[in-house]
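Comments concern the structure below.
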Amino acid sequence: MKPFHGAVWLVGAALLWSTGGAFLKSIEMNGAAIAAYRSAFAALVLLPFCRRDGFPRGLFFPTGRTGRQAVSFWLSAIAYVAIVGLFAAATKLTSAAGAIYLQFTAPAYIILYDIFVARQKLLAANAIAFVFAGGGIALILAASPTGDSLGVALALGSGVAFASFTILSSRRAWSAGAPTTASAGAR
């Protein structure tokens, strides 16, 4: 792919990504229905890019994986379903900007995981990210009308699901020998 074509695809993805909240707000459906339709459409678009040698056996027990990796694969899939469903429901119940910001508090949860579960040292960059994420959460909680509390809670849940997905995906990649980074500091 030529660099110009890559840039065009990147700009297109950014436009679609950034207008998603506005489109979700404009659709007259509940969050679960929107999440289902979005997922079905994504499956149709991505299915042609799936490797055929992994189906159907690889669908339920990914080809060449250990039992532990298969469990991690399915937990990642469940976390992704939670990301999409909780975000769509949150966007319908609160402001799209608030839902988007609260979903992207995932690095804060990853930092907590790194410190308390993975027993990693807190890096300065992670500490700064954690402070800003915490400040953003506090601002949104303070500015949200009382009726938005369910939407805010769902958006925070989407952030937790996003962090879980990132951690589980990173674990799968580590076990396969691929380098990844789950937070601001290199692992």
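Here, A, B, ... name the chains of the structure tokens in the order displayed, residue numbers run from 1 inside each chain, and ligands are numbered from 1 in the same displayed order.
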
Would you return as a count of residues only the members of segment 19-122 of chain A that DSSP assigns to helix (DSSP H, G or I) on this structure's backbone? 80

Residue neighbourhood Ala88 of chain A, 12 Å, only C-alpha atoms, exclusion window fewer than 5 positions, as number ranges by chain: A: 20-27, 29-39, 81-83, 93-96, 99-100, 103, 151-152, 154-155, 157-158

Straight-line distance linking atom CA of Lys121 of chain A with atom CA of Tyr109 of chain A, stated in Å to one decimal: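 Those two atoms sit 14.8 Å apart.
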
Between atom CA of Lys2 of chain A and atom CA of Phe41 of chain A, what is the distance in Å, rounded to a tenth?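 Between atom CA of Lys2 of chain A and atom CA of Phe41 of chain A the gap works out to 27.3 Å.
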
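Between atom CA of Ala89 of chain A and atom CA of Ala161 of chain A the interatomic distance comes to 13.8 Å.
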
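Take the candidates A:Ser72, A:Ser169, A:Ser164, A:Ser18 and check each one against Ile111 of chain A using only C-alpha atoms; the shortest distance goes to A:Ser164.
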